[in-house]
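Below is one structure, written out as C-alpha cells; comments come after it.
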Amino acid sequence: MTGRQIITDAQNTWCPGCGNFSIQHTLKNILTEREEAGKSLDDVVLVSGIGCHAKIADYLNINSFYSIHGRTIPVATAIKLGNPRLTVICCSGDGDSYAEGLDHLIFAAKRNIDITVIIHDNRVYGLTTGQYTPTSPLGFKGKSTPSGTAEYPFNPVELMLASGASYVARGYTKNMNLLHNLISEGIAHRGFAFIDVLQICATFFPAADYYTPRVYELSDHDRTNFESACKKAREWDYNSDSPIALGTFFQRSLPCFDDTMTVHGIEPKDRQQAVRDLLLTRS
Amino acid sequence: MTGRQIITDAQNTWCPGCGNFSIQHTLKNILTEREEAGKSLDDVVLVSGIGCHAKIADYLNINSFYSIHGRTIPVATAIKLGNPRLTVICCSGDGDSYAEGLDHLIFAAKRNIDITVIIHDNRVYGLTTGQYTPTSPLGFKGKSTPSGTAEYPFNPVELMLASGASYVARGYTKNMNLLHNLISEGIAHRGFAFIDVLQICATFFPAADYYTPRVYELSDHDRTNFESACKKAREWDYNSDSPIALGTFFQRSLPCFDDTMTVHGIEPKDRQQAVRDLLLTRS
Amino acid sequence: MKNVSVLIGGKAGDGINSAGALVAQLLNHIGYNIYLYFDYPSLIRGGHNFAIIRGSEQSIGTCWKTLDFLLALNRETLEQHRDNCSSDTAIIFNADLVKSAGQGIPVKEILTDEHAPAIMGNSAIIGGFAKAAGIEWDVVEGVFKSYIPKGVELNLKVAKRAYNQLETVHPVSKGSRSPCPLLTGNEAIGLGMVNGGLDVYVSYPMTPSSSLLHFLAEQKEKFGIMVVHPENEIAVILMALGLAYTGKRSAVGTSGGGFCLMTEGLSLAGMAELPLTLVVSQRTGPSTGLPTYTGQSDLHFVLHAGQGEYPRLIVAPGDAVEALYWSAVAMNMAWKFQVPAFILSDKTLSEGTYSVDPAAVSDVRGADSPRWAGTAPYFRYADVPSGVSPLAFPGTKDAVIKVNSYAHDEAGITIEDAHTVGQMTEKRLRKGELLTEEMRGYTGVNVSGMHDASTALFCWGSTKGVCNEIAALLGLRVVQPVVLSPFPTEQLKKAIAGVRSLISVEENATAQLAALAERHGIIADEKILRYDGRPFLPDDLLVKVKEMMI
Amino acid sequence: MKNVSVLIGGKAGDGINSAGALVAQLLNHIGYNIYLYFDYPSLIRGGHNFAIIRGSEQSIGTCWKTLDFLLALNRETLEQHRDNCSSDTAIIFNADLVKSAGQGIPVKEILTDEHAPAIMGNSAIIGGFAKAAGIEWDVVEGVFKSYIPKGVELNLKVAKRAYNQLETVHPVSKGSRSPCPLLTGNEAIGLGMVNGGLDVYVSYPMTPSSSLLHFLAEQKEKFGIMVVHPENEIAVILMALGLAYTGKRSAVGTSGGGFCLMTEGLSLAGMAELPLTLVVSQRTGPSTGLPTYTGQSDLHFVLHAGQGEYPRLIVAPGDAVEALYWSAVAMNMAWKFQVPAFILSDKTLSEGTYSVDPAAVSDVRGADSPRWAGTAPYFRYADVPSGVSPLAFPGTKDAVIKVNSYAHDEAGITIEDAHTVGQMTEKRLRKGELLTEEMRGYTGVNVSGMHDASTALFCWGSTKGVCNEIAALLGLRVVQPVVLSPFPTEQLKKAIAGVRSLISVEENATAQLAALAERHGIIADEKILRYDGRPFLPDDLLVKVKEMMI
Ligand SMILES: Cc1ncc(C[n+]2csc(CCOP(=O)(O)OP(=O)(O)O)c2C)c(N)n1
Ligand SMILES: Cc1ncc(C[n+]2csc(CCOP(=O)(O)OP(=O)(O)O)c2C)c(N)n1
Ligand code: SF4
Ligand code: SF4
Ligand SMILES: [Mg+2]
Ligand SMILES: [Mg+2]
C-alpha cells in the first residue's frame, strides 16, 4: 500500500493536551518518511500494552497487536522472531513495562532483540485514573497512595544500561524534533532500542512546567562510552531536582537475538520423513 | 526456644559436593551465634522459592515459608510488613529471582524493604536438571539449549546497584569465612540486603576450578562510593574471563519500606465505630 | 409518585459521577431508597458518561428505562437517551450547548454573574433539577453543605440562580423513609471486610475493583489498616499470603485479567492452608474486553482456578447490603477454615450506589481458627479430626512454623510418600466438608418475590435487583444463591420446591449458574442471557420473561 | 509366558532411566509390546529411583505389581519392592551392595577386570538379566549397539561377563510382534505437533513437561523448528501468541503452576482469536505438590481457565499412540478455528514409555483457516457466517492486520458499543459450534473391552491403560473420552448405551470427569479415586472394581 492514510478513523479519546498526541504525530511522520523512501508500511508492526498510551494501536493505520497490560515486549520479541523482516515498534507505558511487566523489558535488553521500545513515561497510571508508577517521585499522592508513596522511583535509563540494552535514549513530548530523531534512530538501530519518553499527562501528572526549564539536549557526549552514559543517566534520578538530559545516552553494536535464533525451516514432506527417521532410532 | 537443634531431621537430598551445604552451614552458624548472643530464633523467618536451593527451608529448624518458584521476595516483603520485629531471610535461586520473578527482586531493592536476600547463584536450574539461567554464560549448553544459548548473561550485581539496593555483595560457597561475614552483615543491615552467592552446582555447573583461581576479596574498596561500586561490579560480567571480586560492593542507609508503611492499628470496637462514622458521612 | 428516575449525562471529566451522587442524595433526603448506575467508557476526558439515579419507596437495585428527568450537560446526552424519554420526561439542559424542548439553563451566564469557575456548572443543573422536581430549597442547601467539599457557598449561589429560574414541572412527592447511607458495592465490600477484621488490603488497580483500593487507601488511617499497591498482581497475592502467615487478615482485589495472575498464588493458599480473602469484580471479557462494563462470565473460572483440589468459599452478593454482610462472613470463613474465600462482584454491583440501612453493620468478626496451645513442638499441619490445624504466628515462643507449597507432613516438611500425601489431601478435604456444614447455618440462597410462584427467576450477583423488580410485576419467585461454593444444593432444592419453570437470568453467554446447578442435579428450564456489557433493564427483561411464560 | 515384568531400581544418578530403557528395548526386540513406568523423587542424586518395564503380547499401558525380575542396584530397591516379589521372582543384584536370595553380580570385580568405569556397572546388571531371562546374546549385542552412545564395545564386554556368570532361571519366551519404536508420551506429543505443522515450541521448564522441551530442543534442527525457553511462563504464552500473529504454528508446554501464569494470555488468545496449542502435563497438586508424581486434578481448571467465555479444544490422550495422533489434531484445530487447543497429559503418560506402531505417523497437517483473498481493506475479524475470519499475516501487501485484546470491530479497532460487543461475542460462539460439529467427525470417545458389558469403567488420560487391563480380566467395557471440550455428549451417550453401572476411575479426589459428564446429563454411578500421586495398579484397581460389582 502506498500513500496510505496513516491515521485510522477511530475516534481519538486522549485528553486535550496529552503528550501521546506528540508521540503519535512523530510516528506518523516517521512512517510517512518511510513510505516516501520507498519502504512499505506493510512490514511495520506496532505492539502496545494497555493504558492510555496503548490506544495508539487503534489510531495508527498499520499492523498492530493490541496486547495486554505489561506484556507488550514478549509479543514484540516473538513477532520479530517469527518474521525477522518485520520492523517491530513497541509502545508501552510506565505502568506497563516498569511495573506489571518489568522483567520482560530487562530480558529484551539482555537478548538484544531487534525491536524499538518507546515508553510513554507519564509517571502515572493514566487509564486507571491516576495511581503512582515506578517512576513517580517519592511522596506522590495518587489514588492508591493518598498520603504519598513510600518508595523512591527507579531510574529506567540506568536500569536499561545495566541490563545490556544496546540503544538507550530519553525523549520528551514537548521536544518533537528530538523525539523524531530518537525514534528514527531507534528503529534504524539494529538491536534493542529503548527510548524513555517523558510524556505529559495533562490530567494526572501535568509536569511540563517542571520539565521544560530543566531539560537539555545531550551534546559533546560520547554515546559509545558506557561509563559516561551511566554518569549522564544518573544526573537526574526521576526524583530530585536537577537538569534533565535528553538524547541518546548509549549505543553499541551486538549480535541480535533474532539473528542467532534463526532456524532453517524444512518442507512438510521432509519433516514427515524426519519424524519417521526419528522413530527408526527408537525401535 | 534456646539451644535449639538448628538442623531438622528431614533427609538432606542435595548432591554430594553441592555448594548449598556451605550456605546451610553458614546460616546454621549465624543462627547459633544469634542464639548465643541472647536473641531468640523465634523471630527469624526463612523464605524460599522452589529449586535445589529452596530445600534449605526443610533443613533449617526455624520458621519458614517454602513458597513457589520465583515468588520468594513478595512473600518475604509482606512478612516484614506484617511483623516488622521479625528478621526475614530469603534464600532464592538464580532461576527463581533472576528469571521467573526478577521484577520482585528489583522492587524489593527499590523499596528498601528490610530483608536479606541470598541468591544461590549456581547459574543453572538445578532441580529441573540443568537448563540455562540469566547468569549462565553465552553459549551455555543446557537441556533446553543443547546447541548453546543465544543470550549474554546479565550482571545481577550491576542490576541491583541500578535498582537502588542499599546493601550489595557477592560471596562464594568455597569461601565460607567471607560468606559468613556477608550474610551476617546483610542481616545486620537495616534495609534491603542483596548477596549474590556463587554457589557450586556439582552436577550441572561444577565451576569451582574456574572460580577459585579468579576470585579475590575486595579490599581498599570504599563501599559507600556508588561509582566505584559500579566499577567493581562491572569488572566481571558473568561471561568474559576476568578477576572476580567478592565482598561488599556497596552499602548506604536509606529509609525502609517497613518503617514508612507502618500503621497504627485500632481496637476492634473503635473500628466498628469508624465504620459507623463513615456511614454517617454518606447519609 | 412512588418511583423517580433521573439521568444526568455529559462528557468524561464533566463530573457526572459526583453530580449523580448529589442527585442521589437529594432523593435520599426526600425519603427514597436509591439506586445509581454509572455508565462510562474507558477514557479520561471526552466520550459520553451518564448516571441514572432512581428513587423508590421499595428497596431497589436496578434502573428503569423510562426517565422522569433528563439532565443534559451536552447534546450527546440528548441524542443518546431520546429512547428513554416519554412525553412526561422533564428535560433540563445546559442552554449554552443544547437546544431542546424542556427547560434550558444559561449556565455560562450564571457562572459569569456569580464569578464562579466552570466546574460549578453542574450545580446550576442540579439546582434547576431540584426546582423542576419541586424539591424544597433547604433540602438542596443541606445536601450541598454535606457533600460539597469546597466552595459550598458559591455552589449554592449558582444552584439557587437556576432554582429560581425554573418551573416545577414534574413534582416529586416526598417518600416515607428517613435518609440513610448511600454506598457503592465496592465501599460496602470494603466496610464489610473491615468489619470482618481486615488488617491489610493489597491490590493493583484494575477496573472495576480499583475504587475499592481507592476507598480503603483514603480511609486507611480511620480504620487502622495498611493498604499496599505493589508492582503487579502476582506480588499482590503473594504479599497477602506472607501477611496471612504473620497473622494479619489480608485481602486482595482485582478483576479477571489480574485474577489470572493470582491463580498460582491461590493454589499455594490451598496447599499451604493460608487464609485469604479475594475480591474479584467481573467485567466484560474475554481478555481486556470492556474494562468499564459489566459481566458475569468468570464464575466457573473462579470456581476452578489454580491447579489441584482444595476447598474454597465463594459468595456473590446481590447488592450493597449483602456485600456489607457477606464480605465480613467471607473474611471470617477464610480464617476459620484457612481457605481462600472469594467475594465475587461485578461492575454493576461494584460501582453502583445503593441505600444501606446502618443497622446492617454488625460486628461479625469473631470466627477464627483455633490457636496453638503452646506445647512444643508445633505442628502447623496437625492432622486434627476437623482438618483445621491450630494456628501460631512467627515470633511465638518455641513455635517453629513451617508452611510449604510442596506436599508436606504435619510439621510442614516436604514429603513424597504416598501415605502422607493421601492423608494430608484428606485433611484438606475434611476442611471442605466442615465448611459446607458451616455454610448450612447461613442463608446461602435468597428467595424473594412470590414465594409459592411456580415460575422462578434464577440469578446471582447484581442481577438480583432487576429480577426482583420483574418478579414483583409478574408475581414470580426469585431464587438467588449468594453462596456459590460450597454449592448450597439442599437450600437451593428447598428454594425451588414447587417451581415448574426455572428461568436462569445471567449476564454471560453460557449460563454459568445454570451449568453449575446442573452439576448438582438442578436443571434450569430456560435461560435469558445478556453479554454485551450492559446490565439487564427491567423493561427488556420483562419482555423476555413474558415470552418464556407463554 | 505372555507377560513379563521387570523392575530395576537404584539411586538417582545411577542411570536407572537409561538402564530401564535398555531393558525395554531387549523385550521389544524379543517380540513384546512395551510399557515403562519411571518413578523418581524430586532430587538430583541419591533417593530411590525405579523403572518398571513390562512386556506383553497385548498392547499395554500399565504396570503389574508382581514382578518376574527384580534388578537391584542397591539395598533400598530390595527393601522397597519386597511386596512386588513372589517366589517366582528372579532377583538379580549388585553383589557389592546387596545381599539377597537370587543371583548376585560382582559388579566391581567385573569392572576392574575389564578396566571399565563405574557408570558401566548397569551393563553388567543388564547382561545378567538377559541371561536370567534366556534372551539370546545377539539380541543384547544388537540392542547395545543401537542404544549405547559411547563405548559400546566395553559395555558389551562387561555385560557379557555377567551374562556368562548367571543362570537362566526364568526364561522369557519370544513374543510374536516385530520390534517397534518406543516413545515416551512427551516424545509422542512432540512428534504429533511436528506432524501437525509445529514451527516454534516455547516453554519454561516444569516437570513433567520439561522432557518435551528437552526432546524438541535436541531435535530442532532435524525438524526445522525453533525452540525458545524465555524468562517465565507469562513470556512463554505471549511469545507464542506473537508468533501465531506472524503465521507461525506455535505451541507451549507446562504443568499446573506454570499454566496458572498462562491463563491471562489464554484469555487473550480467546479474544484476539489467535491459534495456540498448549500442552499441560498434570502432576500432583495443589501448588508445588509432588513435582515428579502424577495426578488428574487440573481438568476443570483447564476447562475454565481465563476470564470470559471462548471456545477451546481439549484432548486427553491415553497413551503414546493417541498422543501422537491427537497432538497433530489439536495443532490443526487450533489453526482451523483460531482457538486455543489443549493437549492435556499427566506424568504417567508424559514420562511413561510405550510401543508405537510407525504406521501411526500420518501427515495430518492440512487443516487451516481460510486465507485472505487480498482485496483491501483487510478485516481481521470479518464477521463471516462460520465465525472463522480469513487470515493474513503481517508483511502481506495491503493488509493492515490488527489484533486486539479489547472488544473490537471487524477491523480489530476497539469498540465499546453494546451492539458490536454482542455481535463479536456471537461470532466467537459460532466458531465454538463449528468446532463441536467438526469434532463429531472424530472418534472422541474410545470404547474398548467388552463392548456390550453392562458395567463400564469411565476414565480419561493415562488411566486408560490400567482400565483396559482390568476390563479384559473382568469382562467390562471401558469408556474413555479423549476429547473433553467440546464435550462429546452424543458419542458418550452412545458409548454407554446399555451400561447399568458406570464407574469413574480417576487420579484425583473429586472425580472431575464424572462432574463434567454430570453437567452433560451423564451420571457416574460409582467412583474409584486415587490421589496420592501414584498411578493405579491393576492389582489394586481389580480389588476395588470387584468390590463395586458385588
Ligand atoms: C493484569 C492487569 N492488571 C491491571 C489492569 C488495569 N490497567 C489497565 S491500564 C493500567 C495502567 C496503565 O498505566 P501505564 O502503563 O502507565 O499507561 P498510561 O495509561 O499511563 O498510558 C492498569 C493498571 C489490566 N488491564 N490488566
Ligand atoms: C511457575 C513454575 N515454573 C516452573 C517450575 C519448575 N521449576 C522448579 S525449580 C525450577 C528452577 C529452579 O532454578 P533455580 O531457581 O536456579 O534453583 P536451583 O535448583 O538451581 O537451586 C523450575 C523451573 C515451577 N515450580 N513453577
Ligand atoms: S489521562 Fe493523561 S495520559 Fe491519559 S489521555 Fe489523559 S492526559 Fe493522556
Ligand atoms: S543439582 Fe546442583 S544445585 Fe542441585 S543439589 Fe545437585 S549440586 Fe546442588
Ligand atoms: Mg503511565
Ligand atoms: Mg540455580
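Chains: A, B, ... in order of the C-alpha cells. Residues: from 1 per chain. Ligands: from 1, in order shown.
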
Range 44-177 of chain B: residues DSSP assigns to strand (DSSP E), reported as a ChimeraX atom specification: /B:44-48,63-66,87-93,116-121,167-172

Residues from last step as file, N, CA, C and O atoms, as a short mmCIF file (atom, residue, chain, number, x, y, z; two decimals), in the first residue's frame:
data_model
loop_
_atom_site.label_atom_id
_atom_site.label_comp_id
_atom_site.auth_asym_id
_atom_site.auth_seq_id
_atom_site.Cartn_x
_atom_site.Cartn_y
_atom_site.Cartn_z
N VAL B 44 13.02 -15.29 63.75
CA VAL B 44 13.65 -15.39 62.44
C VAL B 44 12.72 -16.15 61.50
O VAL B 44 12.13 -17.16 61.90
N VAL B 45 12.58 -15.66 60.29
CA VAL B 45 11.79 -16.38 59.28
C VAL B 45 12.63 -16.55 58.04
O VAL B 45 13.24 -15.60 57.55
N LEU B 46 12.62 -17.77 57.52
CA LEU B 46 13.31 -18.06 56.27
C LEU B 46 12.26 -18.23 55.18
O LEU B 46 11.28 -18.96 55.37
N VAL B 47 12.46 -17.56 54.07
CA VAL B 47 11.53 -17.71 52.95
C VAL B 47 12.32 -18.28 51.78
O VAL B 47 13.43 -17.81 51.51
N SER B 48 11.77 -19.28 51.12
CA SER B 48 12.48 -19.81 49.96
C SER B 48 11.56 -19.93 48.78
O SER B 48 10.34 -19.88 48.90
N ASN B 63 11.34 -20.94 61.67
CA ASN B 63 10.14 -20.58 60.92
C ASN B 63 10.47 -20.49 59.45
O ASN B 63 11.50 -19.91 59.07
N SER B 64 9.61 -21.04 58.61
CA SER B 64 9.91 -20.93 57.19
C SER B 64 8.64 -20.90 56.36
O SER B 64 7.59 -21.42 56.76
N PHE B 65 8.75 -20.24 55.23
CA PHE B 65 7.68 -20.17 54.25
C PHE B 65 8.30 -20.68 52.96
O PHE B 65 9.06 -19.98 52.31
N TYR B 66 7.99 -21.94 52.65
CA TYR B 66 8.52 -22.60 51.44
C TYR B 66 7.52 -22.24 50.34
O TYR B 66 6.46 -22.83 50.22
N THR B 87 13.06 -10.98 61.77
CA THR B 87 14.23 -10.95 60.89
C THR B 87 13.91 -11.88 59.72
O THR B 87 13.67 -13.07 59.93
N VAL B 88 13.90 -11.33 58.53
CA VAL B 88 13.45 -12.12 57.39
C VAL B 88 14.60 -12.37 56.42
O VAL B 88 15.24 -11.44 55.93
N ILE B 89 14.85 -13.64 56.18
CA ILE B 89 15.93 -14.05 55.28
C ILE B 89 15.31 -14.81 54.11
O ILE B 89 14.49 -15.71 54.30
N CYS B 90 15.72 -14.43 52.91
CA CYS B 90 15.23 -15.07 51.70
C CYS B 90 16.32 -15.92 51.09
O CYS B 90 17.38 -15.37 50.76
N CYS B 91 16.09 -17.20 50.90
CA CYS B 91 17.01 -17.99 50.10
C CYS B 91 16.35 -18.23 48.76
O CYS B 91 15.29 -18.87 48.69
N SER B 92 16.98 -17.72 47.72
CA SER B 92 16.35 -17.80 46.41
C SER B 92 17.36 -18.28 45.39
O SER B 92 18.57 -18.21 45.62
N GLY B 93 16.87 -18.77 44.26
CA GLY B 93 17.78 -19.26 43.23
C GLY B 93 17.93 -18.25 42.11
O GLY B 93 17.20 -17.27 42.04
N THR B 116 16.84 -9.78 53.92
CA THR B 116 18.15 -10.18 53.39
C THR B 116 17.93 -11.25 52.34
O THR B 116 17.36 -12.31 52.63
N VAL B 117 18.35 -10.96 51.13
CA VAL B 117 18.16 -11.90 50.03
C VAL B 117 19.49 -12.57 49.68
O VAL B 117 20.45 -11.89 49.32
N ILE B 118 19.50 -13.88 49.81
CA ILE B 118 20.68 -14.65 49.44
C ILE B 118 20.35 -15.40 48.16
O ILE B 118 19.45 -16.25 48.15
N ILE B 119 21.04 -15.07 47.08
CA ILE B 119 20.78 -15.80 45.84
C ILE B 119 21.80 -16.93 45.72
O ILE B 119 23.01 -16.68 45.64
N HIS B 120 21.29 -18.15 45.69
CA HIS B 120 22.13 -19.32 45.47
C HIS B 120 22.38 -19.37 43.96
O HIS B 120 21.66 -20.04 43.22
N ASP B 121 23.38 -18.62 43.53
CA ASP B 121 23.57 -18.41 42.09
C ASP B 121 24.48 -19.48 41.51
O ASP B 121 25.69 -19.29 41.36
N TYR B 167 22.34 -2.57 50.19
CA TYR B 167 23.49 -3.41 50.55
C TYR B 167 23.66 -4.43 49.44
O TYR B 167 22.73 -5.17 49.12
N VAL B 168 24.82 -4.44 48.80
CA VAL B 168 25.05 -5.28 47.63
C VAL B 168 26.39 -5.99 47.79
O VAL B 168 27.43 -5.34 47.93
N ALA B 169 26.34 -7.33 47.77
CA ALA B 169 27.56 -8.09 47.99
C ALA B 169 27.59 -9.33 47.11
O ALA B 169 26.57 -9.73 46.55
N ARG B 170 28.78 -9.91 47.00
CA ARG B 170 28.90 -11.19 46.31
C ARG B 170 29.74 -12.14 47.15
O ARG B 170 30.80 -11.76 47.66
N GLY B 171 29.26 -13.35 47.31
CA GLY B 171 30.00 -14.37 48.05
C GLY B 171 30.29 -15.57 47.18
O GLY B 171 29.93 -15.60 45.99
N TYR B 172 30.90 -16.56 47.80
CA TYR B 172 31.31 -17.76 47.07
C TYR B 172 31.23 -18.91 48.05
O TYR B 172 31.71 -18.80 49.19
#

Pull out every residue of chain C that has at least one atom within 6 Å of chain A, counting only C-alpha atoms, and report them as a PDB file with C-alpha atoms, in the first residue's frame.
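Contents of out_38.pdb, freshly written:
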ATOM      1  CA  ARG C  45     -11.846  13.081  29.109  1.00  0.00           C
ATOM      2  CA  HIS C 214      -9.021   3.970  46.373  1.00  0.00           C
ATOM      3  CA  ALA C 217      -6.466   3.856  50.774  1.00  0.00           C
ATOM      4  CA  GLU C 231       4.273  -3.969  41.283  1.00  0.00           C
ATOM      5  CA  ASN C 232       1.700  -6.415  39.897  1.00  0.00           C
TER       6      ASN C 232
END

Residue among A:Glu235, A:Asp277, A:Asp94, A:Asp220 lying closest to ligand 1, counting only C-alpha atoms and all ligand atoms: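 When distances to ligand 1 are compared using only C-alpha atoms and all ligand atoms, the smallest one comes from A:Asp94.
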
Contact residues (chain B, partner chain A, 9 Å, only C-alpha atoms) as number ranges by chain: B: 98-104, 106-107, 110-112, 134, 150-156, 158-164, 227, 231, 255-257, 260-261

Residue neighbourhood range 334-345 of chain D, 6 Å, only C-alpha atoms, exclusion window fewer than 3 positions, as a ChimeraX atom specification: /D:273-281,312-316,330-331,367-369

Between atom 19 (O, counted along the ligand's line) of ligand 1 and CA of Ile244 in chain A, distance in Å (one decimal): 23.0 Å

Å distance separating CA of Ser462 in chain D from CA of Ser178 in chain D, one decimal place: 24.7 Å

Contacts between ligand 1 and chain D, please, where a residue of chain D counts if it comes within 10 Å (with only C-alpha atoms and all ligand atoms); show its shortest atom pair and distance in Å to one decimal, rows by chain and ascending number, as a tab-separated table.
residue	atom	partner	partner_atom_place_in_ligand_line	distance
D:Glu264	CA	ligand 1	1 (C)	7.6
D:Ser405	CA	ligand 1	25 (N)	9.8
D:Tyr406	CA	ligand 1	25 (N)	9.7

Who sits within 12 Å of range 151-168 of chain D, only C-alpha atoms, same chain under 5 positions skipped, as a PyMOL selection string: chain D and resi 69+90-95+102-146+173

Just to be explicit: take each residue in the selection above, keep C-alpha atoms, and write the result as a PDB file, in the first residue's frame.
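Result went into result36.pdb, see below:
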ATOM      1  CA  PHE D  69      12.525 -59.882  37.632  1.00  0.00           C
ATOM      2  CA  ALA D  90      14.123 -63.750  39.769  1.00  0.00           C
ATOM      3  CA  ILE D  91      16.221 -61.382  41.811  1.00  0.00           C
ATOM      4  CA  ILE D  92      19.407 -60.079  40.294  1.00  0.00           C
ATOM      5  CA  PHE D  93      21.526 -57.730  42.275  1.00  0.00           C
ATOM      6  CA  ASN D  94      24.797 -55.939  42.642  1.00  0.00           C
ATOM      7  CA  ALA D  95      26.579 -58.268  44.992  1.00  0.00           C
ATOM      8  CA  GLY D 102      18.753 -64.816  43.796  1.00  0.00           C
ATOM      9  CA  GLN D 103      21.759 -64.171  41.653  1.00  0.00           C
ATOM     10  CA  GLY D 104      24.362 -61.616  42.640  1.00  0.00           C
ATOM     11  CA  ILE D 105      26.709 -59.984  40.185  1.00  0.00           C
ATOM     12  CA  PRO D 106      30.180 -58.967  41.370  1.00  0.00           C
ATOM     13  CA  VAL D 107      29.992 -55.657  39.598  1.00  0.00           C
ATOM     14  CA  LYS D 108      33.151 -54.114  40.988  1.00  0.00           C
ATOM     15  CA  GLU D 109      35.185 -57.126  40.129  1.00  0.00           C
ATOM     16  CA  ILE D 110      33.921 -57.224  36.573  1.00  0.00           C
ATOM     17  CA  LEU D 111      34.595 -53.535  36.089  1.00  0.00           C
ATOM     18  CA  THR D 112      38.062 -53.823  37.497  1.00  0.00           C
ATOM     19  CA  ASP D 113      38.859 -56.786  35.323  1.00  0.00           C
ATOM     20  CA  GLU D 114      37.619 -55.024  32.232  1.00  0.00           C
ATOM     21  CA  HIS D 115      39.133 -51.657  33.176  1.00  0.00           C
ATOM     22  CA  ALA D 116      35.687 -50.202  32.788  1.00  0.00           C
ATOM     23  CA  PRO D 117      34.420 -47.050  34.540  1.00  0.00           C
ATOM     24  CA  ALA D 118      31.826 -47.183  37.292  1.00  0.00           C
ATOM     25  CA  ILE D 119      28.968 -46.000  35.095  1.00  0.00           C
ATOM     26  CA  MET D 120      29.212 -49.254  33.130  1.00  0.00           C
ATOM     27  CA  GLY D 121      28.007 -51.202  36.161  1.00  0.00           C
ATOM     28  CA  ASN D 122      24.484 -51.115  34.811  1.00  0.00           C
ATOM     29  CA  SER D 123      25.613 -53.037  31.751  1.00  0.00           C
ATOM     30  CA  ALA D 124      26.635 -55.891  33.989  1.00  0.00           C
ATOM     31  CA  ILE D 125      23.203 -55.922  35.587  1.00  0.00           C
ATOM     32  CA  ILE D 126      21.502 -55.851  32.212  1.00  0.00           C
ATOM     33  CA  GLY D 127      23.731 -58.586  30.872  1.00  0.00           C
ATOM     34  CA  GLY D 128      22.853 -60.667  33.916  1.00  0.00           C
ATOM     35  CA  PHE D 129      19.194 -60.015  33.425  1.00  0.00           C
ATOM     36  CA  ALA D 130      19.386 -61.068  29.782  1.00  0.00           C
ATOM     37  CA  LYS D 131      20.873 -64.354  30.754  1.00  0.00           C
ATOM     38  CA  ALA D 132      18.436 -64.929  33.579  1.00  0.00           C
ATOM     39  CA  ALA D 133      15.616 -64.325  31.132  1.00  0.00           C
ATOM     40  CA  GLY D 134      17.166 -66.508  28.484  1.00  0.00           C
ATOM     41  CA  ILE D 135      17.498 -63.689  25.986  1.00  0.00           C
ATOM     42  CA  GLU D 136      19.961 -64.604  23.281  1.00  0.00           C
ATOM     43  CA  TRP D 137      23.275 -62.826  23.287  1.00  0.00           C
ATOM     44  CA  ASP D 138      22.936 -61.426  19.812  1.00  0.00           C
ATOM     45  CA  VAL D 139      19.772 -59.590  20.901  1.00  0.00           C
ATOM     46  CA  VAL D 140      21.768 -57.985  23.683  1.00  0.00           C
ATOM     47  CA  GLU D 141      24.517 -57.121  21.292  1.00  0.00           C
ATOM     48  CA  GLY D 142      22.130 -55.600  18.781  1.00  0.00           C
ATOM     49  CA  VAL D 143      20.341 -53.509  21.389  1.00  0.00           C
ATOM     50  CA  PHE D 144      23.562 -52.274  22.969  1.00  0.00           C
ATOM     51  CA  LYS D 145      24.933 -51.292  19.592  1.00  0.00           C
ATOM     52  CA  SER D 146      21.847 -49.296  18.760  1.00  0.00           C
ATOM     53  CA  SER D 173       9.658 -66.946  25.572  1.00  0.00           C
TER      54      SER D 173
END

Residue list (alpha helix (DSSP H), DSSP) for range 113-255 of chain B, as an MDAnalysis selection string: chainID B and resid 156:163 176:188 208:214 226:235

For the selection just defined, write its residues with C-alpha atoms to a file, as a CSV table (one decimal), in the first residue's frame.
chain,number,residue,atom,x,y,z
B,156,PRO,CA,22.9,-9.1,38.9
B,157,VAL,CA,25.3,-7.0,41.0
B,158,GLU,CA,25.1,-4.2,38.5
B,159,LEU,CA,21.3,-4.6,38.2
B,160,MET,CA,20.9,-4.4,41.9
B,161,LEU,CA,23.0,-1.3,42.1
B,162,ALA,CA,20.9,0.3,39.4
B,163,SER,CA,17.8,-0.7,41.3
B,176,MET,CA,32.9,-19.7,53.9
B,177,ASN,CA,34.5,-17.1,56.1
B,178,LEU,CA,33.6,-14.4,53.8
B,179,LEU,CA,30.2,-15.8,53.3
B,180,HIS,CA,29.6,-15.8,57.0
B,181,ASN,CA,30.6,-12.2,57.2
B,182,LEU,CA,28.5,-11.1,54.2
B,183,ILE,CA,25.3,-12.8,55.4
B,184,SER,CA,25.8,-11.5,58.9
B,185,GLU,CA,26.3,-8.0,57.6
B,186,GLY,CA,23.3,-8.4,55.4
B,187,ILE,CA,21.1,-9.4,58.3
B,188,ALA,CA,22.5,-6.6,60.4
B,208,ALA,CA,35.0,-24.4,41.2
B,209,ASP,CA,38.0,-24.8,39.0
B,210,TYR,CA,37.0,-21.7,37.1
B,211,TYR,CA,36.1,-19.6,40.1
B,212,THR,CA,38.8,-20.5,42.6
B,213,PRO,CA,41.8,-19.0,40.8
B,214,ARG,CA,39.9,-15.9,39.8
B,226,PHE,CA,28.5,4.2,44.3
B,227,GLU,CA,30.7,4.9,41.3
B,228,SER,CA,33.4,2.7,42.5
B,229,ALA,CA,30.9,0.1,43.4
B,230,CYS,CA,29.6,0.1,39.9
B,231,LYS,CA,33.1,-0.1,38.5
B,232,LYS,CA,34.0,-3.1,40.7
B,233,ALA,CA,30.7,-4.7,39.8
B,234,ARG,CA,31.5,-4.4,36.1
B,235,GLU,CA,34.9,-5.9,36.4

Residues within 7 Å of Gly82 in chain B, only C-alpha atoms, excluding chain neighbours under 3 positions, as number ranges by chain: B: 78-79; C: 243, 246, 248

Selection from above, C-alpha atoms, as a PDB file, in the first residue's frame, can you write it?
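Below is the file part_19.pdb, written as the result:
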ATOM      1  CA  ALA B  78       4.980  -8.984  53.316  1.00  0.00           C
ATOM      2  CA  ILE B  79       6.217 -10.935  56.299  1.00  0.00           C
TER       3      ILE B  79
ATOM      4  CA  LEU C 243       0.835 -11.286  55.642  1.00  0.00           C
ATOM      5  CA  THR C 246       2.193 -13.398  60.204  1.00  0.00           C
ATOM      6  CA  LYS C 248      -2.636 -10.396  59.524  1.00  0.00           C
TER       7      LYS C 248
END

Separation of CA of Tyr293 in chain D from CA of Ala456 in chain D in Å: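 Atom-to-atom, CA of Ala456 in chain D and CA of Tyr293 in chain D are spaced 26.9 Å apart.
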
All residues 7 Å or closer to Tyr32 in chain D, only C-alpha atoms, same chain fewer than 5 positions away omitted, as a PyMOL selection string: chain D and resi 27+55-57+175+177

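With only C-alpha atoms as the atoms that count, the residue of D:Phe393, D:Trp460, D:Tyr442, D:Phe301 with the shortest distance to chain C is D:Phe301.
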